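Below: start11.pdb (PDB, C-alpha atoms, pLDDT in the B column)
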```pdb
MODEL        1
ATOM      1  CA  MET A 217      -7.264  -6.033  12.250  1.00 50.00           C
ATOM      2  CA  LYS A 218     -10.256  -6.054   9.936  1.00 57.00           C
ATOM      3  CA  ASN A 219      -9.685  -2.585   8.393  1.00 59.00           C
ATOM      4  CA  GLU A 220      -5.965  -3.152   7.748  1.00 58.00           C
ATOM      5  CA  LEU A 221      -4.840  -2.963   4.132  1.00 50.00           C
ATOM      6  CA  PRO A 222      -2.245  -5.032   2.352  1.00 52.00           C
ATOM      7  CA  LYS A 223       1.224  -3.506   2.421  1.00 57.00           C
ATOM      8  CA  VAL A 224       0.603  -1.815  -0.936  1.00 63.00           C
ATOM      9  CA  ALA A 225      -2.549   0.279  -1.125  1.00 68.00           C
ATOM     10  CA  THR A 226      -4.503   0.389  -4.347  1.00 85.00           C
ATOM     11  CA  GLU A 227      -4.653   3.574  -6.362  1.00 85.00           C
ATOM     12  CA  ALA A 228      -8.290   4.083  -5.285  1.00 84.00           C
ATOM     13  CA  GLN A 229      -7.309   3.781  -1.612  1.00 88.00           C
ATOM     14  CA  GLN A 230      -4.477   6.268  -2.077  1.00 89.00           C
ATOM     15  CA  GLU A 231      -6.860   8.701  -3.793  1.00 92.00           C
ATOM     16  CA  LEU A 232      -9.409   8.314  -0.966  1.00 93.00           C
ATOM     17  CA  GLY A 233      -6.705   9.108   1.582  1.00 93.00           C
ATOM     18  CA  GLU A 234      -5.602  12.142  -0.403  1.00 94.00           C
ATOM     19  CA  ARG A 235      -9.182  13.448  -0.721  1.00 94.00           C
ATOM     20  CA  ILE A 236      -9.713  13.029   3.044  1.00 95.00           C
ATOM     21  CA  ARG A 237      -6.525  15.025   3.672  1.00 94.00           C
ATOM     22  CA  VAL A 238      -7.444  17.759   1.160  1.00 93.00           C
ATOM     23  CA  ALA A 239     -10.978  18.140   2.555  1.00 92.00           C
ATOM     24  CA  ARG A 240      -9.750  18.170   6.165  1.00 93.00           C
ATOM     25  CA  LYS A 241      -7.140  20.824   5.445  1.00 92.00           C
ATOM     26  CA  ALA A 242      -9.665  22.901   3.492  1.00 90.00           C
ATOM     27  CA  THR A 243     -11.870  23.079   6.580  1.00 88.00           C
ATOM     28  CA  GLY A 244      -8.899  24.344   8.580  1.00 89.00           C
ATOM     29  CA  LEU A 245      -8.701  21.342  10.901  1.00 90.00           C
ATOM     30  CA  THR A 246      -5.496  19.652  11.971  1.00 93.00           C
ATOM     31  CA  ALA A 247      -5.462  15.852  11.997  1.00 93.00           C
ATOM     32  CA  GLU A 248      -5.666  15.996  15.797  1.00 94.00           C
ATOM     33  CA  GLU A 249      -8.678  18.363  15.811  1.00 92.00           C
ATOM     34  CA  PHE A 250     -10.462  16.287  13.183  1.00 93.00           C
ATOM     35  CA  ALA A 251      -9.749  13.073  15.111  1.00 93.00           C
ATOM     36  CA  ARG A 252     -11.096  14.548  18.352  1.00 90.00           C
ATOM     37  CA  ARG A 253     -14.286  15.786  16.699  1.00 89.00           C
ATOM     38  CA  PHE A 254     -14.750  12.553  14.777  1.00 90.00           C
ATOM     39  CA  GLY A 255     -14.146  10.375  17.842  1.00 91.00           C
ATOM     40  CA  VAL A 256     -11.063   8.497  16.606  1.00 94.00           C
ATOM     41  CA  THR A 257      -7.349   8.754  17.317  1.00 94.00           C
ATOM     42  CA  SER A 258      -5.078  11.034  15.314  1.00 93.00           C
ATOM     43  CA  LYS A 259      -3.157   7.890  14.269  1.00 96.00           C
ATOM     44  CA  THR A 260      -6.338   6.567  12.670  1.00 96.00           C
ATOM     45  CA  VAL A 261      -6.760   9.813  10.712  1.00 96.00           C
ATOM     46  CA  ARG A 262      -3.118   9.673   9.570  1.00 95.00           C
ATOM     47  CA  ASP A 263      -3.575   6.014   8.571  1.00 95.00           C
ATOM     48  CA  TRP A 264      -6.651   6.922   6.493  1.00 95.00           C
ATOM     49  CA  GLU A 265      -4.852   9.802   4.819  1.00 95.00           C
ATOM     50  CA  LYS A 266      -1.790   7.665   4.027  1.00 94.00           C
ATOM     51  CA  ALA A 267      -3.978   4.771   2.779  1.00 91.00           C
ATOM     52  CA  ARG A 268      -2.771   2.394   5.485  1.00 93.00           C
ATOM     53  CA  ARG A 269      -6.383   1.859   6.590  1.00 92.00           C
ATOM     54  CA  VAL A 270      -9.773   2.491   5.016  1.00 92.00           C
ATOM     55  CA  PRO A 271     -12.659   4.068   6.945  1.00 94.00           C
ATOM     56  CA  ARG A 272     -15.873   2.040   7.186  1.00 93.00           C
ATOM     57  CA  ALA A 273     -18.797   3.068   4.971  1.00 90.00           C
ATOM     58  CA  ASN A 274     -20.704   4.748   7.810  1.00 90.00           C
ATOM     59  CA  GLN A 275     -17.563   6.661   8.767  1.00 92.00           C
ATOM     60  CA  ILE A 276     -17.154   7.909   5.187  1.00 92.00           C
ATOM     61  CA  VAL A 277     -20.729   9.219   5.163  1.00 90.00           C
ATOM     62  CA  MET A 278     -20.296  10.974   8.533  1.00 90.00           C
ATOM     63  CA  MET A 279     -16.873  12.271   7.487  1.00 92.00           C
ATOM     64  CA  ALA A 280     -18.287  13.719   4.268  1.00 89.00           C
ATOM     65  CA  GLY A 281     -20.859  15.722   6.215  1.00 88.00           C
ATOM     66  CA  MET A 282     -18.275  16.952   8.675  1.00 88.00           C
ATOM     67  CA  LEU A 283     -15.897  18.000   5.877  1.00 89.00           C
ATOM     68  CA  ASN A 284     -18.584  19.646   3.699  1.00 87.00           C
ATOM     69  CA  VAL A 285     -18.135  17.231   0.797  1.00 87.00           C
ATOM     70  CA  THR A 286     -20.191  14.332  -0.524  1.00 87.00           C
ATOM     71  CA  ALA A 287     -19.441  10.661   0.093  1.00 87.00           C
ATOM     72  CA  PRO A 288     -19.148  10.000  -3.685  1.00 87.00           C
ATOM     73  CA  TRP A 289     -16.575  12.790  -3.916  1.00 87.00           C
ATOM     74  CA  LEU A 290     -14.549  11.281  -1.065  1.00 89.00           C
ATOM     75  CA  LEU A 291     -14.760   7.772  -2.484  1.00 87.00           C
ATOM     76  CA  GLU A 292     -14.321   8.375  -6.202  1.00 85.00           C
ATOM     77  CA  GLY A 293     -13.890  12.079  -6.818  1.00 81.00           C
ATOM     78  CA  ARG A 294     -17.335  12.095  -8.462  1.00 76.00           C
ATOM     79  CA  GLU A 295     -19.735  15.019  -8.567  1.00 65.00           C
ATOM     80  CA  TYR A 296     -18.105  18.325  -7.862  1.00 56.00           C
ATOM     81  CA  GLU A 297     -15.143  19.425  -5.877  1.00 55.00           C
ATOM     82  CA  PRO A 298     -16.504  21.949  -3.423  1.00 55.00           C
ATOM     83  CA  ASP A 299     -15.523  25.570  -3.751  1.00 58.00           C
ATOM     84  CA  TRP A 300     -13.648  25.881  -0.479  1.00 57.00           C
ATOM     85  CA  HIS A 301     -14.039  29.646  -0.542  1.00 57.00           C
ATOM     86  CA  GLU A 302     -17.775  29.194   0.076  1.00 59.00           C
ATOM     87  CA  TYR A 303     -17.089  27.622   3.453  1.00 59.00           C
ATOM     88  CA  GLU A 304     -15.725  29.166   6.557  1.00 63.00           C
ATOM     89  CA  TYR A 305     -14.293  27.435   9.575  1.00 66.00           C
ATOM     90  CA  VAL A 306     -16.834  27.096  12.370  1.00 65.00           C
ATOM     91  CA  ASP A 307     -15.543  27.019  15.917  1.00 70.00           C
ATOM     92  CA  GLU A 308     -16.651  23.984  17.929  1.00 66.00           C
ATOM     93  CA  ASN A 309     -18.675  26.207  20.273  1.00 67.00           C
ATOM     94  CA  ASP A 310     -20.521  27.781  17.337  1.00 74.00           C
ATOM     95  CA  TYR A 311     -21.163  24.395  15.717  1.00 73.00           C
ATOM     96  CA  LEU A 312     -23.703  23.392  18.356  1.00 74.00           C
ATOM     97  CA  GLU A 313     -25.492  26.740  18.033  1.00 76.00           C
ATOM     98  CA  ILE A 314     -25.769  26.302  14.250  1.00 76.00           C
ATOM     99  CA  GLU A 315     -27.047  22.740  14.597  1.00 79.00           C
ATOM    100  CA  LEU A 316     -29.604  23.817  17.217  1.00 76.00           C
ATOM    101  CA  GLU A 317     -31.028  26.326  14.734  1.00 75.00           C
ATOM    102  CA  ARG A 318     -31.135  23.748  11.929  1.00 73.00           C
ATOM    103  CA  ARG A 319     -32.558  20.833  13.893  1.00 79.00           C
ATOM    104  CA  PRO A 320     -35.601  21.529  16.105  1.00 85.00           C
ATOM    105  CA  LEU A 321     -35.546  18.044  17.672  1.00 84.00           C
ATOM    106  CA  LEU A 322     -31.926  18.548  18.731  1.00 86.00           C
ATOM    107  CA  LYS A 323     -32.885  21.890  20.252  1.00 88.00           C
ATOM    108  CA  GLU A 324     -35.705  20.243  22.202  1.00 90.00           C
ATOM    109  CA  LEU A 325     -33.389  17.557  23.584  1.00 90.00           C
ATOM    110  CA  TYR A 326     -30.677  20.127  24.330  1.00 90.00           C
ATOM    111  CA  GLU A 327     -33.207  22.105  26.408  1.00 93.00           C
ATOM    112  CA  LYS A 328     -34.041  18.912  28.307  1.00 94.00           C
ATOM    113  CA  ALA A 329     -30.305  18.267  28.849  1.00 94.00           C
ATOM    114  CA  LYS A 330     -29.940  21.773  30.316  1.00 95.00           C
ATOM    115  CA  GLU A 331     -32.760  20.972  32.762  1.00 95.00           C
ATOM    116  CA  VAL A 332     -31.287  17.588  33.683  1.00 94.00           C
ATOM    117  CA  PHE A 333     -27.728  18.860  34.179  1.00 94.00           C
ATOM    118  CA  GLN A 334     -28.879  22.236  35.555  1.00 95.00           C
ATOM    119  CA  ASN A 335     -25.877  23.731  33.795  1.00 92.00           C
ATOM    120  CA  GLU A 336     -25.641  24.935  30.199  1.00 91.00           C
ATOM    121  CA  SER A 337     -21.953  24.137  29.716  1.00 91.00           C
ATOM    122  CA  LYS A 338     -22.386  20.581  31.070  1.00 93.00           C
ATOM    123  CA  ALA A 339     -25.374  20.087  28.764  1.00 93.00           C
ATOM    124  CA  LYS A 340     -23.323  21.322  25.774  1.00 90.00           C
ATOM    125  CA  GLU A 341     -20.454  19.015  26.656  1.00 91.00           C
ATOM    126  CA  TRP A 342     -22.787  16.019  27.081  1.00 92.00           C
ATOM    127  CA  ILE A 343     -24.633  16.576  23.798  1.00 90.00           C
ATOM    128  CA  VAL A 344     -21.408  16.585  21.710  1.00 88.00           C
ATOM    129  CA  SER A 345     -19.437  13.886  23.582  1.00 90.00           C
ATOM    130  CA  PRO A 346     -19.584  10.094  23.255  1.00 91.00           C
ATOM    131  CA  ALA A 347     -21.935   8.708  25.921  1.00 89.00           C
ATOM    132  CA  LEU A 348     -21.430   5.288  27.468  1.00 88.00           C
ATOM    133  CA  ALA A 349     -25.209   4.876  27.860  1.00 89.00           C
ATOM    134  CA  LEU A 350     -25.502   5.377  24.076  1.00 90.00           C
ATOM    135  CA  SER A 351     -22.874   2.751  23.210  1.00 88.00           C
ATOM    136  CA  GLY A 352     -20.215   5.421  22.860  1.00 89.00           C
ATOM    137  CA  GLN A 353     -22.158   7.457  20.323  1.00 91.00           C
ATOM    138  CA  LYS A 354     -22.635  11.216  20.544  1.00 90.00           C
ATOM    139  CA  PRO A 355     -26.186  12.427  21.256  1.00 92.00           C
ATOM    140  CA  ILE A 356     -25.822  15.124  18.567  1.00 89.00           C
ATOM    141  CA  ASP A 357     -25.204  12.401  15.952  1.00 87.00           C
ATOM    142  CA  LEU A 358     -28.030  10.127  17.119  1.00 88.00           C
ATOM    143  CA  VAL A 359     -30.648  12.878  16.952  1.00 85.00           C
ATOM    144  CA  ALA A 360     -30.436  12.691  13.143  1.00 80.00           C
ATOM    145  CA  THR A 361     -32.985   9.843  13.251  1.00 83.00           C
ATOM    146  CA  GLU A 362     -36.235   9.460  15.159  1.00 84.00           C
ATOM    147  CA  HIS A 363     -35.038   6.226  16.774  1.00 88.00           C
ATOM    148  CA  GLY A 364     -31.768   7.870  17.823  1.00 88.00           C
ATOM    149  CA  ALA A 365     -33.638  10.842  19.279  1.00 89.00           C
ATOM    150  CA  GLU A 366     -35.793   8.445  21.311  1.00 92.00           C
ATOM    151  CA  MET A 367     -32.631   6.784  22.645  1.00 93.00           C
ATOM    152  CA  VAL A 368     -31.189  10.168  23.681  1.00 94.00           C
ATOM    153  CA  GLU A 369     -34.460  11.200  25.311  1.00 94.00           C
ATOM    154  CA  ASP A 370     -34.604   7.887  27.195  1.00 94.00           C
ATOM    155  CA  VAL A 371     -31.076   8.401  28.573  1.00 94.00           C
ATOM    156  CA  LEU A 372     -31.911  11.971  29.627  1.00 95.00           C
ATOM    157  CA  THR A 373     -35.065  10.763  31.386  1.00 94.00           C
ATOM    158  CA  ARG A 374     -33.092   8.079  33.219  1.00 93.00           C
ATOM    159  CA  LEU A 375     -30.478  10.636  34.266  1.00 92.00           C
ATOM    160  CA  GLU A 376     -33.221  12.990  35.419  1.00 91.00           C
ATOM    161  CA  TYR A 377     -34.581  10.316  37.756  1.00 90.00           C
ATOM    162  CA  GLY A 378     -31.175   9.090  38.903  1.00 86.00           C
ATOM    163  CA  VAL A 379     -31.207   5.801  36.989  1.00 83.00           C
ATOM    164  CA  TYR A 380     -27.693   5.457  35.578  1.00 70.00           C
ATOM    165  CA  THR A 381     -27.812   1.954  34.076  1.00 56.00           C
TER     166      THR A 381
ENDMDL
END
```

Turn the structure described in the file into structure tokens.
Amino acid sequence: MKNELPKVATEAQQELGERIRVARKATGLTAEEFARRFGVTSKTVRDWEKARRVPRANQIVMMAGMLNVTAPWLLEGREYEPDWHEYEYVDENDYLEIELERRPLLKELYEKAKEVFQNESKAKEWIVSPALALSGQKPIDLVATEHGAEMVEDVLTRLEYGVYT
């Protein structure tokens, strides 16, 4: 596999794994919860934490945001170590509400999803779950860019008119 490491991980890889584990635990997530939210298996998370595999660069950036740390801190321990007491665990149901307040474009697309699905809970589930029509990516993650938001809006429009391909 392309992300497999040699049998002996380097010191930097071991430190990366340890920082991932420390940050994950500080947010109050189990490896299984983190894996589910991140869209990988719990084995993958354990492999990262034990330096048996290394996450890709884009995964490190997304992981840093999810764990309330910076990518340089995860990779090299640079910058600051966050004061974990400043952060509180946010329930998955509350996470969407917080993001809707922070990101107006996400809120707009979420409202459209509620119209398309005619059900708030189905719209919530769709917006935070990997979508086949979006190459397995989560709409909530894609809305971070204008191009991604256009892709999400296009899928919602197709669903609205019954075009599923």

query = To one decimal place, how far is atom CA of Asp370 of chain A from atom CA of Glu315 of chain A in Å?
reply = 20.9 Å

inquiry  = For the PyMOL selection byres ((chain A and resi 341-354) around 10), applied here, can you spell out every residue it catches as number ranges by chain?
reply    = A: 252-255, 308-309, 311-312, 322, 325-326, 329-330, 333, 336-340, 355-359, 364, 367-368, 370-372, 380-381

task = Go through A:Val270, A:Gln230, A:Val261, A:Asn284 and flag the residue nearest Gly244 of chain A, using only C-alpha atoms for the distances.
result =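 Checking each candidate against Gly244 of chain A, we get A:Asn284 as the closest.
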
inquiry  = Which residues would end up in the selection if the PyMOL selection byres ((chain A and resi 279) around 12) were applied here, given that I need the answer as a PyMOL selection string?
reply    = chain A and resi 232+235-237+239-240+243+250-251+253-256+261+264+271-278+280-291+357

key: Atom-to-atom span, atom CA of Glu227 of chain A and atom CA of Ser258 of chain A, Å   = 22.9 Å

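Atom CA of Ala228 of chain A is positioned 18.2 Å from atom CA of Thr260 of chain A.
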
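Distances here use all atoms listed in the file; by that measure, the residue among A:Ala267, A:Val332, A:Ala360, A:Leu321 closest to Thr373 of chain A is A:Val332.
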
Report, as lines of an AutoDock Vina configuration file, the centre and edge lengths in Å (one decimal) of the axis-aligned box enclosing every listed atom of segment 363-375 of chain A, padded by 4 Å on each side.
```
center_x = -33.1
center_y = 9.1
center_z = 25.5
size_x = 13.3
size_y = 13.7
size_z = 25.5
```
